[in-house]
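Have a look at data02.tsv below; it lists TSV, C-alpha atoms and all ligand atoms.
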```
chain	number	residue	atom	x	y	z
A	119	MET	CA	-25.63	-51.61	23.15
A	120	LYS	CA	-26.59	-48.02	22.62
A	121	PRO	CA	-28.78	-46.17	20.09
A	122	TYR	CA	-26.91	-45.81	16.80
A	123	LEU	CA	-27.09	-43.63	13.74
A	124	ARG	CA	-29.36	-45.06	11.00
A	125	GLU	CA	-28.93	-44.89	7.24
A	126	LYS	CA	-30.42	-41.72	5.81
A	127	THR	CA	-33.89	-42.45	4.49
A	128	GLN	CA	-36.57	-40.15	3.21
A	129	PHE	CA	-39.56	-40.09	5.52
A	130	GLY	CA	-42.88	-39.99	3.72
A	131	PHE	CA	-46.32	-39.71	5.23
A	132	HIS	CA	-46.78	-43.48	4.95
A	133	ASP	CA	-43.72	-44.03	7.20
A	134	VAL	CA	-45.09	-41.92	9.98
A	135	PRO	CA	-46.65	-44.26	12.54
A	136	GLU	CA	-50.40	-44.17	12.91
A	137	ASN	CA	-50.21	-44.43	16.68
A	138	THR	CA	-47.66	-42.81	18.95
A	139	CYS	CA	-45.22	-45.74	18.97
A	140	PHE	CA	-41.94	-45.89	17.09
A	141	GLU	CA	-38.68	-47.80	17.40
A	142	ALA	CA	-36.70	-46.93	20.54
A	143	GLY	CA	-33.21	-45.52	20.12
A	144	TYR	CA	-33.67	-44.42	16.52
A	145	LEU	CA	-31.05	-41.79	15.67
A	146	VAL	CA	-30.90	-39.92	12.37
A	147	THR	CA	-28.71	-36.87	13.10
A	148	LYS	CA	-25.32	-36.31	14.70
A	149	ASN	CA	-24.54	-33.70	17.36
A	150	SER	CA	-20.95	-33.06	16.31
A	151	GLY	CA	-21.86	-29.75	14.65
A	152	TRP	CA	-22.57	-28.24	18.08
A	153	ARG	CA	-18.94	-28.39	19.07
A	154	SER	CA	-16.51	-25.47	19.06
A	155	ILE	CA	-13.89	-27.26	21.17
A	156	ARG	CA	-13.17	-30.99	21.20
A	157	PRO	CA	-11.80	-33.23	23.96
A	158	VAL	CA	-8.59	-34.96	23.02
A	159	VAL	CA	-7.41	-37.83	25.21
A	160	GLU	CA	-3.70	-38.19	25.83
A	161	HIS	CA	-3.42	-41.94	26.20
A	162	GLY	CA	-0.13	-41.77	28.09
A	163	LYS	CA	-1.75	-39.90	30.97
A	164	CYS	CA	-5.12	-41.71	30.98
A	165	THR	CA	-5.37	-44.27	33.78
A	166	GLY	CA	-8.81	-45.58	32.78
A	167	CYS	CA	-10.40	-44.43	36.04
A	168	MET	CA	-13.76	-43.99	34.23
A	169	GLN	CA	-14.67	-40.64	35.80
A	170	CYS	CA	-15.11	-38.94	32.41
A	171	TYR	CA	-17.37	-41.81	31.34
A	172	LEU	CA	-19.40	-41.43	34.53
A	173	TYR	CA	-19.90	-37.67	34.23
A	174	CYS	CA	-20.47	-37.30	30.47
A	175	PRO	CA	-24.07	-36.06	30.02
A	176	ASP	CA	-24.18	-37.50	26.52
A	177	GLY	CA	-22.54	-40.82	27.34
A	178	VAL	CA	-20.11	-40.50	24.45
A	179	ILE	CA	-17.03	-41.68	26.36
A	180	SER	CA	-16.34	-45.37	26.64
A	181	ILE	CA	-13.32	-47.11	28.11
A	182	GLU	CA	-11.59	-49.41	25.67
A	183	ASN	CA	-8.42	-51.24	26.70
A	184	LYS	CA	-8.35	-49.10	29.85
A	185	LYS	CA	-8.23	-45.85	27.86
A	186	ALA	CA	-10.98	-43.27	27.32
A	187	VAL	CA	-12.37	-43.16	23.78
A	188	VAL	CA	-14.67	-40.37	22.63
A	189	ASP	CA	-17.51	-40.84	20.15
A	190	TYR	CA	-17.06	-37.59	18.21
A	191	LYS	CA	-20.31	-38.09	16.32
A	192	PHE	CA	-22.31	-37.20	19.43
A	193	CYS	CA	-19.85	-35.22	21.59
A	194	LYS	CA	-21.05	-31.63	22.04
A	195	GLY	CA	-17.79	-30.33	23.49
A	196	CYS	CA	-19.10	-29.28	26.91
A	197	GLY	CA	-15.72	-29.95	28.53
A	198	ILE	CA	-16.93	-31.72	31.69
A	199	CYS	CA	-14.61	-34.67	30.97
A	200	SER	CA	-11.58	-32.44	30.83
A	201	LYS	CA	-12.50	-30.79	34.15
A	202	ILE	CA	-13.27	-34.03	35.96
A	203	CYS	CA	-10.07	-35.78	34.83
A	204	LYS	CA	-7.68	-36.02	37.78
A	205	THR	CA	-4.58	-36.67	35.71
A	206	GLY	CA	-5.27	-33.94	33.18
A	207	ALA	CA	-5.31	-36.41	30.31
A	208	ILE	CA	-8.13	-34.67	28.43
A	209	GLU	CA	-7.40	-31.32	26.80
A	210	MET	CA	-9.99	-29.24	24.96
A	211	GLU	CA	-8.71	-28.22	21.55
A	212	ALA	CA	-10.25	-25.71	19.14
A	213	GLU	CA	-12.37	-27.31	16.46
A	214	LYS	CA	-10.97	-26.53	13.03
B	51	MET	CA	-23.40	-54.08	46.15
B	52	ALA	CA	-22.52	-50.45	45.82
B	53	VAL	CA	-22.67	-49.09	42.31
B	54	THR	CA	-19.47	-47.57	40.99
B	55	ALA	CA	-18.25	-46.51	37.57
B	56	LYS	CA	-16.71	-49.98	37.15
B	57	ASN	CA	-19.83	-52.09	37.70
B	58	LEU	CA	-22.33	-49.68	36.18
B	59	CYS	CA	-24.24	-51.07	33.18
B	60	LYS	CA	-22.25	-50.35	30.01
B	61	ASP	CA	-25.32	-49.86	27.81
B	62	GLU	CA	-26.53	-46.37	27.05
B	63	PHE	CA	-30.26	-45.71	27.26
B	64	PHE	CA	-30.28	-41.97	26.62
B	65	TYR	CA	-28.04	-41.22	23.70
B	66	GLY	CA	-27.83	-38.68	20.89
B	67	HIS	CA	-30.26	-36.34	22.62
B	68	LYS	CA	-30.41	-32.60	21.95
B	69	ALA	CA	-29.90	-31.23	25.48
B	70	CYS	CA	-27.58	-28.24	25.88
B	71	ALA	CA	-23.91	-29.17	26.04
B	72	GLY	CA	-23.13	-30.10	29.65
B	73	CYS	CA	-26.79	-30.43	30.72
B	74	GLY	CA	-27.08	-31.82	34.25
B	75	GLY	CA	-30.64	-33.05	33.70
B	76	SER	CA	-29.61	-35.31	30.85
B	77	LEU	CA	-26.75	-36.66	32.96
B	78	ALA	CA	-29.24	-37.54	35.71
B	79	VAL	CA	-31.57	-39.29	33.26
B	80	ARG	CA	-28.72	-41.13	31.56
B	81	ASN	CA	-27.20	-42.50	34.74
B	82	ALA	CA	-30.50	-43.26	36.48
B	83	LEU	CA	-31.52	-45.38	33.49
B	84	LYS	CA	-28.18	-47.16	33.55
B	85	VAL	CA	-28.91	-48.25	37.12
B	86	LEU	CA	-32.54	-49.18	36.46
B	87	GLY	CA	-31.70	-51.14	33.32
B	88	LYS	CA	-33.44	-51.88	30.06
B	89	ASN	CA	-36.76	-52.83	31.62
B	90	ALA	CA	-37.32	-49.36	33.03
B	91	VAL	CA	-40.37	-47.65	31.56
B	92	ALA	CA	-39.69	-43.92	31.58
B	93	VAL	CA	-42.37	-41.25	31.75
B	94	LEU	CA	-41.40	-37.74	30.74
B	95	PRO	CA	-43.79	-34.82	31.07
B	96	ALA	CA	-43.46	-31.64	29.01
B	97	GLY	CA	-40.09	-30.13	29.85
B	98	CYS	CA	-36.52	-30.24	28.67
B	99	MET	CA	-35.96	-33.99	28.90
B	100	SER	CA	-38.95	-34.82	26.73
B	101	ALA	CA	-38.15	-31.98	24.34
B	102	VAL	CA	-34.57	-33.14	23.83
B	103	GLY	CA	-35.28	-36.86	23.83
B	104	PHE	CA	-38.13	-37.17	21.36
B	105	ASN	CA	-37.60	-35.24	18.13
B	106	PHE	CA	-39.24	-37.61	15.69
B	107	PRO	CA	-37.60	-39.54	14.08
B	108	GLN	CA	-34.62	-38.88	16.40
B	109	LEU	CA	-35.75	-40.98	19.39
B	110	CYS	CA	-33.03	-41.05	22.01
B	111	PHE	CA	-34.36	-43.48	24.59
B	112	ALA	CA	-33.27	-47.06	24.11
B	113	ASN	CA	-35.81	-48.33	26.64
B	114	ASN	CA	-39.55	-47.81	26.63
B	115	ALA	CA	-40.31	-44.16	27.18
B	116	ILE	CA	-43.40	-42.04	26.84
B	117	ILE	CA	-44.30	-38.35	27.07
B	118	SER	CA	-47.04	-37.51	29.54
B	119	THR	CA	-49.11	-34.40	30.01
B	120	PHE	CA	-47.37	-31.72	32.01
B	121	ALA	CA	-49.43	-32.34	35.16
B	122	GLY	CA	-49.81	-36.08	34.78
B	123	THR	CA	-46.40	-37.70	35.34
B	124	SER	CA	-47.47	-39.49	38.50
B	125	SER	CA	-50.87	-40.57	37.22
B	126	MET	CA	-49.28	-42.02	34.10
B	127	LEU	CA	-46.74	-43.86	36.26
B	128	THR	CA	-49.59	-45.28	38.32
B	129	GLY	CA	-51.34	-46.42	35.14
B	130	ILE	CA	-48.23	-48.04	33.70
B	131	GLU	CA	-47.54	-49.88	36.93
B	132	ALA	CA	-51.13	-51.11	37.23
B	133	GLY	CA	-51.25	-52.11	33.55
B	134	PHE	CA	-48.10	-54.21	33.73
B	135	ARG	CA	-49.21	-55.78	36.99
B	136	ARG	CA	-52.56	-56.72	35.42
B	137	ARG	CA	-50.75	-58.39	32.53
B	138	GLY	CA	-48.60	-60.39	34.92
B	139	ILE	CA	-45.35	-58.64	34.03
B	140	THR	CA	-43.22	-58.07	37.10
B	141	ASP	CA	-39.66	-57.32	35.98
B	142	PHE	CA	-40.10	-53.67	35.14
B	143	THR	CA	-39.67	-50.34	36.88
B	144	ALA	CA	-41.95	-47.39	36.22
B	145	VAL	CA	-39.82	-44.28	36.53
B	146	GLY	CA	-40.75	-40.66	35.95
B	147	PHE	CA	-38.37	-37.77	35.22
B	148	ALA	CA	-40.09	-34.46	35.78
B	149	GLY	CA	-38.70	-30.95	35.99
B	150	ASP	CA	-39.11	-28.67	38.98
B	151	GLY	CA	-42.08	-26.90	37.39
B	152	GLY	CA	-43.63	-30.25	36.52
B	153	THR	CA	-43.18	-31.39	40.13
B	154	ALA	CA	-43.54	-28.51	42.53
B	155	ASP	CA	-46.15	-26.53	40.60
B	156	ILE	CA	-48.35	-28.23	38.06
B	157	GLY	CA	-47.65	-31.87	38.91
B	158	ILE	CA	-47.89	-31.64	42.70
B	159	GLN	CA	-51.50	-32.77	42.92
B	160	ALA	CA	-50.96	-35.95	40.88
B	161	LEU	CA	-47.76	-36.62	42.81
B	162	SER	CA	-49.54	-36.24	46.13
B	163	GLY	CA	-52.22	-38.67	44.94
B	164	ALA	CA	-49.67	-41.26	43.86
B	165	ILE	CA	-47.85	-41.04	47.20
B	166	ASP	CA	-51.16	-41.39	49.00
B	167	ARG	CA	-52.00	-44.55	47.03
B	168	ASN	CA	-48.51	-45.86	47.84
B	169	ASP	CA	-47.92	-46.96	44.25
B	170	ASN	CA	-44.81	-48.89	43.27
B	171	ILE	CA	-43.24	-46.17	41.24
B	172	ILE	CA	-40.06	-44.12	41.17
B	173	TYR	CA	-40.43	-40.41	40.69
B	174	ILE	CA	-37.36	-38.34	39.99
B	175	CYS	CA	-37.52	-34.58	39.94
B	176	TYR	CA	-34.57	-32.92	38.23
B	177	ASP	CA	-34.48	-29.48	39.67
B	178	ASN	CA	-32.95	-26.92	37.32
B	179	GLU	CA	-34.65	-24.20	39.31
B	180	ALA	CA	-36.92	-22.69	36.63
B	181	TYR	CA	-39.13	-23.51	33.64
B	182	MET	CA	-36.14	-23.89	31.36
B	183	ASN	CA	-37.76	-25.40	28.30
B	184	THR	CA	-40.01	-22.41	27.73
B	185	GLY	CA	-37.29	-19.84	28.34
B	186	ILE	CA	-36.54	-19.50	32.07
B	187	GLN	CA	-39.72	-18.52	33.90
B	188	LYS	CA	-39.89	-18.64	37.70
B	189	SER	CA	-41.15	-21.91	39.23
B	190	GLY	CA	-41.92	-22.84	42.82
B	191	LEU	CA	-38.37	-24.13	43.14
B	192	THR	CA	-36.63	-21.02	41.88
B	193	PRO	CA	-34.47	-19.75	44.72
B	194	PHE	CA	-34.90	-16.37	46.39
B	195	GLY	CA	-33.36	-13.51	44.47
B	196	ALA	CA	-32.88	-15.46	41.23
B	197	LYS	CA	-33.34	-13.50	38.02
B	198	THR	CA	-35.75	-15.08	35.56
B	199	THR	CA	-37.83	-13.64	32.74
B	200	THR	CA	-40.88	-13.41	35.03
B	201	THR	CA	-38.89	-12.13	38.03
B	202	PRO	CA	-36.46	-9.74	36.39
B	203	ALA	CA	-33.86	-8.05	38.55
B	204	GLY	CA	-34.32	-4.33	38.10
B	205	GLU	CA	-35.49	-1.20	39.81
B	206	ASN	CA	-38.79	-2.60	41.06
B	207	ILE	CA	-37.80	-6.07	42.25
B	208	ARG	CA	-34.44	-7.70	42.77
B	209	GLY	CA	-35.22	-11.02	41.18
B	210	ASN	CA	-37.46	-13.67	42.77
B	211	ILE	CA	-39.17	-12.34	45.89
B	212	ARG	CA	-40.33	-15.74	47.15
B	213	PRO	CA	-38.19	-18.44	48.78
B	214	LYS	CA	-37.74	-21.87	47.23
B	215	LYS	CA	-40.51	-24.31	48.17
B	216	ASN	CA	-39.26	-27.07	50.43
B	217	MET	CA	-40.37	-29.85	48.12
B	218	PHE	CA	-38.51	-32.54	50.01
B	219	GLU	CA	-40.34	-31.72	53.26
B	220	ILE	CA	-43.65	-31.59	51.41
B	221	VAL	CA	-43.05	-35.11	50.14
B	222	ALA	CA	-41.72	-36.35	53.46
B	223	ALA	CA	-44.83	-35.00	55.19
B	224	HIS	CA	-46.86	-37.57	53.23
B	225	ASP	CA	-45.18	-40.33	55.27
B	226	ILE	CA	-43.60	-41.65	52.10
B	227	SER	CA	-41.59	-44.88	52.37
B	228	TYR	CA	-38.47	-43.46	50.77
B	229	ALA	CA	-37.42	-40.03	49.63
B	230	ALA	CA	-33.97	-38.65	49.01
B	231	THR	CA	-32.13	-35.72	47.60
B	232	ALA	CA	-29.05	-36.09	45.47
B	233	THR	CA	-26.95	-34.19	43.02
B	234	VAL	CA	-25.15	-35.21	39.87
B	235	GLY	CA	-22.11	-33.46	41.32
B	236	TYR	CA	-21.64	-36.52	43.56
B	237	MET	CA	-22.42	-39.25	41.11
B	238	THR	CA	-21.76	-42.38	43.17
B	239	ASP	CA	-24.05	-41.13	45.93
B	240	PHE	CA	-26.71	-40.45	43.31
B	241	LEU	CA	-26.31	-43.89	41.71
B	242	ASN	CA	-26.52	-45.68	45.03
B	243	LYS	CA	-29.64	-43.85	46.10
B	244	ILE	CA	-31.32	-45.10	42.96
B	245	GLU	CA	-29.87	-48.60	43.33
B	246	MET	CA	-31.39	-48.70	46.82
B	247	LEU	CA	-34.87	-48.49	45.33
B	248	HIS	CA	-34.25	-50.74	42.45
B	249	ILE	CA	-33.40	-53.97	44.27
B	250	PRO	CA	-36.65	-55.45	45.53
B	251	GLU	CA	-35.02	-57.64	48.18
B	252	LYS	CA	-33.67	-54.59	49.94
B	253	ILE	CA	-35.46	-53.49	53.08
B	254	PHE	CA	-37.62	-51.00	51.34
B	255	MET	CA	-39.29	-53.59	49.09
B	256	ARG	CA	-40.67	-51.85	46.00
B	257	LEU	CA	-40.81	-48.24	46.75
B	258	HIS	CA	-41.45	-44.78	46.21
B	259	LEU	CA	-38.97	-42.06	45.75
B	260	LEU	CA	-38.55	-38.49	45.12
B	261	LEU	CA	-35.16	-37.22	44.31
B	262	LEU	CA	-34.55	-33.55	44.07
B	263	PHE	CA	-31.50	-32.50	42.21
B	264	LEU	CA	-29.70	-29.33	42.85
B	265	MET	CA	-27.72	-30.55	39.96
B	266	MET	CA	-26.49	-27.76	37.72
B	267	VAL	CA	-25.60	-25.52	40.57
B	268	LEU	CA	-23.79	-28.13	42.60
B	269	LEU	CA	-22.08	-29.78	39.68
B	270	MET	CA	-20.72	-26.49	38.47
B	271	ARG	CA	-19.59	-25.56	41.96
B	272	THR	CA	-17.82	-28.85	42.56
B	273	LEU	CA	-16.17	-28.69	39.20
B	274	SER	CA	-14.98	-25.13	39.56
B	275	LEU	CA	-13.70	-25.92	43.05
B	276	LYS	CA	-11.78	-28.88	41.70
B	277	MET	CA	-10.43	-26.74	38.91
B	278	ARG	CA	-9.23	-24.10	41.30
B	279	LYS	CA	-7.55	-26.74	43.42
B	280	THR	CA	-5.73	-28.32	40.47
B	281	ALA	CA	-4.82	-24.89	39.12
B	282	SER	CA	-3.25	-23.88	42.42
B	283	LYS	CA	-1.36	-27.19	42.55
B	284	ARG	CA	0.12	-26.54	39.14
C	1	LIG	C1	-50.49	-27.92	30.62
C	1	LIG	C2	-49.27	-27.31	30.02
C	1	LIG	N1	-48.93	-26.04	30.33
C	1	LIG	C3	-47.82	-25.48	29.81
C	1	LIG	C4	-47.02	-26.18	28.93
C	1	LIG	C5	-45.82	-25.52	28.34
C	1	LIG	N2	-44.57	-26.01	28.85
C	1	LIG	C6	-43.91	-27.00	28.25
C	1	LIG	S1	-42.44	-27.36	28.96
C	1	LIG	C7	-42.69	-26.17	30.13
C	1	LIG	C8	-41.64	-25.90	31.18
C	1	LIG	C9	-41.25	-27.10	31.99
C	1	LIG	O1	-40.47	-26.71	33.09
C	1	LIG	P1	-39.89	-27.77	34.10
C	1	LIG	O2	-40.96	-28.71	34.51
C	1	LIG	O3	-39.17	-27.03	35.18
C	1	LIG	O4	-38.86	-28.60	33.25
C	1	LIG	P2	-37.54	-28.05	32.52
C	1	LIG	O5	-37.96	-27.56	31.18
C	1	LIG	O6	-36.95	-26.99	33.37
C	1	LIG	O7	-36.66	-29.23	32.38
C	1	LIG	C10	-43.91	-25.52	29.94
C	1	LIG	C11	-44.41	-24.41	30.78
C	1	LIG	C12	-47.42	-27.50	28.62
C	1	LIG	N3	-46.70	-28.26	27.77
C	1	LIG	N4	-48.54	-28.05	29.17
C	2	LIG	S1	-32.17	-25.76	29.37
C	2	LIG	FE1	-31.10	-26.76	31.09
C	2	LIG	S2	-32.27	-28.67	31.49
C	2	LIG	FE2	-32.86	-27.90	29.48
C	2	LIG	S3	-31.54	-29.02	28.05
C	2	LIG	FE3	-30.55	-27.04	28.49
C	2	LIG	S4	-29.14	-27.46	30.20
C	2	LIG	FE4	-30.62	-29.17	30.08
C	3	MG	MG	-37.11	-26.76	35.41
```

I need this file expressed as structure tokens, please.
Amino acid sequence: MKPYLREKTQFGFHDVPENTCFEAGYLVTKNSGWRSIRPVVEHGKCTGCMQCYLYCPDGVISIENKKAVVDYKFCKGCGICSKICKTGAIEMEAEK
Amino acid sequence: MAVTAKNLCKDEFFYGHKACAGCGGSLAVRNALKVLGKNAVAVLPAGCMSAVGFNFPQLCFANNAIISTFAGTSSMLTGIEAGFRRRGITDFTAVGFAGDGGTADIGIQALSGAIDRNDNIIYICYDNEAYMNTGIQKSGLTPFGAKTTTTPAGENIRGNIRPKKNMFEIVAAHDISYAATATVGYMTDFLNKIEMLHIPEKIFMRLHLLLLFLMMVLLMRTLSLKMRKTASKR
């Protein structure tokens, strides 16, 4: 499990909690707009060694069927995954 | 058992946050919480990690987390630990993530008190070597010669004129049961130092910790070294 993007709802004053508590892991906006370059995984080269997953500050990389998969909704394009990858399977490509 | 990428908890507890792209502090918080698990109660004083994690209604912690006053990370940790203990809850970990300013300058008194009381808390200082959240002012952990907005490098001074405080020795001088330094540049070492504290059966019992991260600097250095090596191979 991880925090996930919620449906867009209008927040009124009555929705704002009276105390300082609110639901944990409540996401309403994406971070994809921050990106100028995007990591693209070449599945042929990826060995599923999980280093990119381990070093991603945003935790957007998961390993599915032994291949790295990027959650582009929250990837900010910092490029750490591409630098850490030993087999050079992750290339940074310009965002169009 | 040693923690590795393979047996690390798959859940994410710090997700969708607004830290700068490539932020080492957020990487430290993310992976520390993965080791400590969903029952960790995180305390974040004023600083980057609270600023990027709690932008109502975008709340990026999936476990219980709370913002403390800038100086009060350790006292809030003490309170959380005592409160849970009073209510008979035992399977939790009180963990604080404070910046270098929040640790070595304004939070040092509360930290010293908590160490003196020998509370069962984990205190993690992520050292980005200045007050980053307010725009790069010099802190006690800013290294000698570093240029910040309050120690500009110019004709009068060449950056910071004071050496970095030896925070680790300050903490160690308290006769603390466990203290360590780590960097996110060597992630498995970092994960295992946290795992060491987390397992109660381990020799240390429930402990006390201060981790100082030279993270950004070291991470960048390791990465650029690796890059140079791979570039020369190609
Ligand atoms: C008592 C008090 N003084 C000043 C501030 C303003 N302030 C908020 S964050 C911050 C800088 C925190 O620096 P640091 O602890 O190094 O964490 P970083 O932002 O670098 O992660 C300051 C000075 C505050 N919130 N409370
Ligand atoms: S200023 Fe530094 S610590 Fe703060 S969010 Fe940006 S990279 Fe992270
Ligand atoms: Mg700082």

Given 9 Å and only C-alpha atoms and all ligand atoms, residues near ligand LIG 1 (chain C) as number ranges by chain: B: 75, 95-101, 119-121, 148-157, 175-189, 191

Cut-off 6 Å around (-13.1, -39.7, 32.5) with all atoms listed in the file: residues as number ranges by chain: A: 168-171, 199, 203

Interatomic distance, CA of Leu161 in chain B to CA of Ala92 in chain B (Å, one decimal): 15.6 Å

Length of the CA of Ile172 in chain B to CA of Val79 in chain B vector [Å]: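 Value for the CA of Ile172 in chain B-CA of Val79 in chain B distance: 12.6 Å.
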
Closest of B:Asn81, B:Ser125, B:Thr200, B:Thr192 to ligand MG 3 (chain C) - atom-to-atom distances counting all atoms listed in the file: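 Result for the nearest residue to ligand MG 3 (chain C): B:Thr192.
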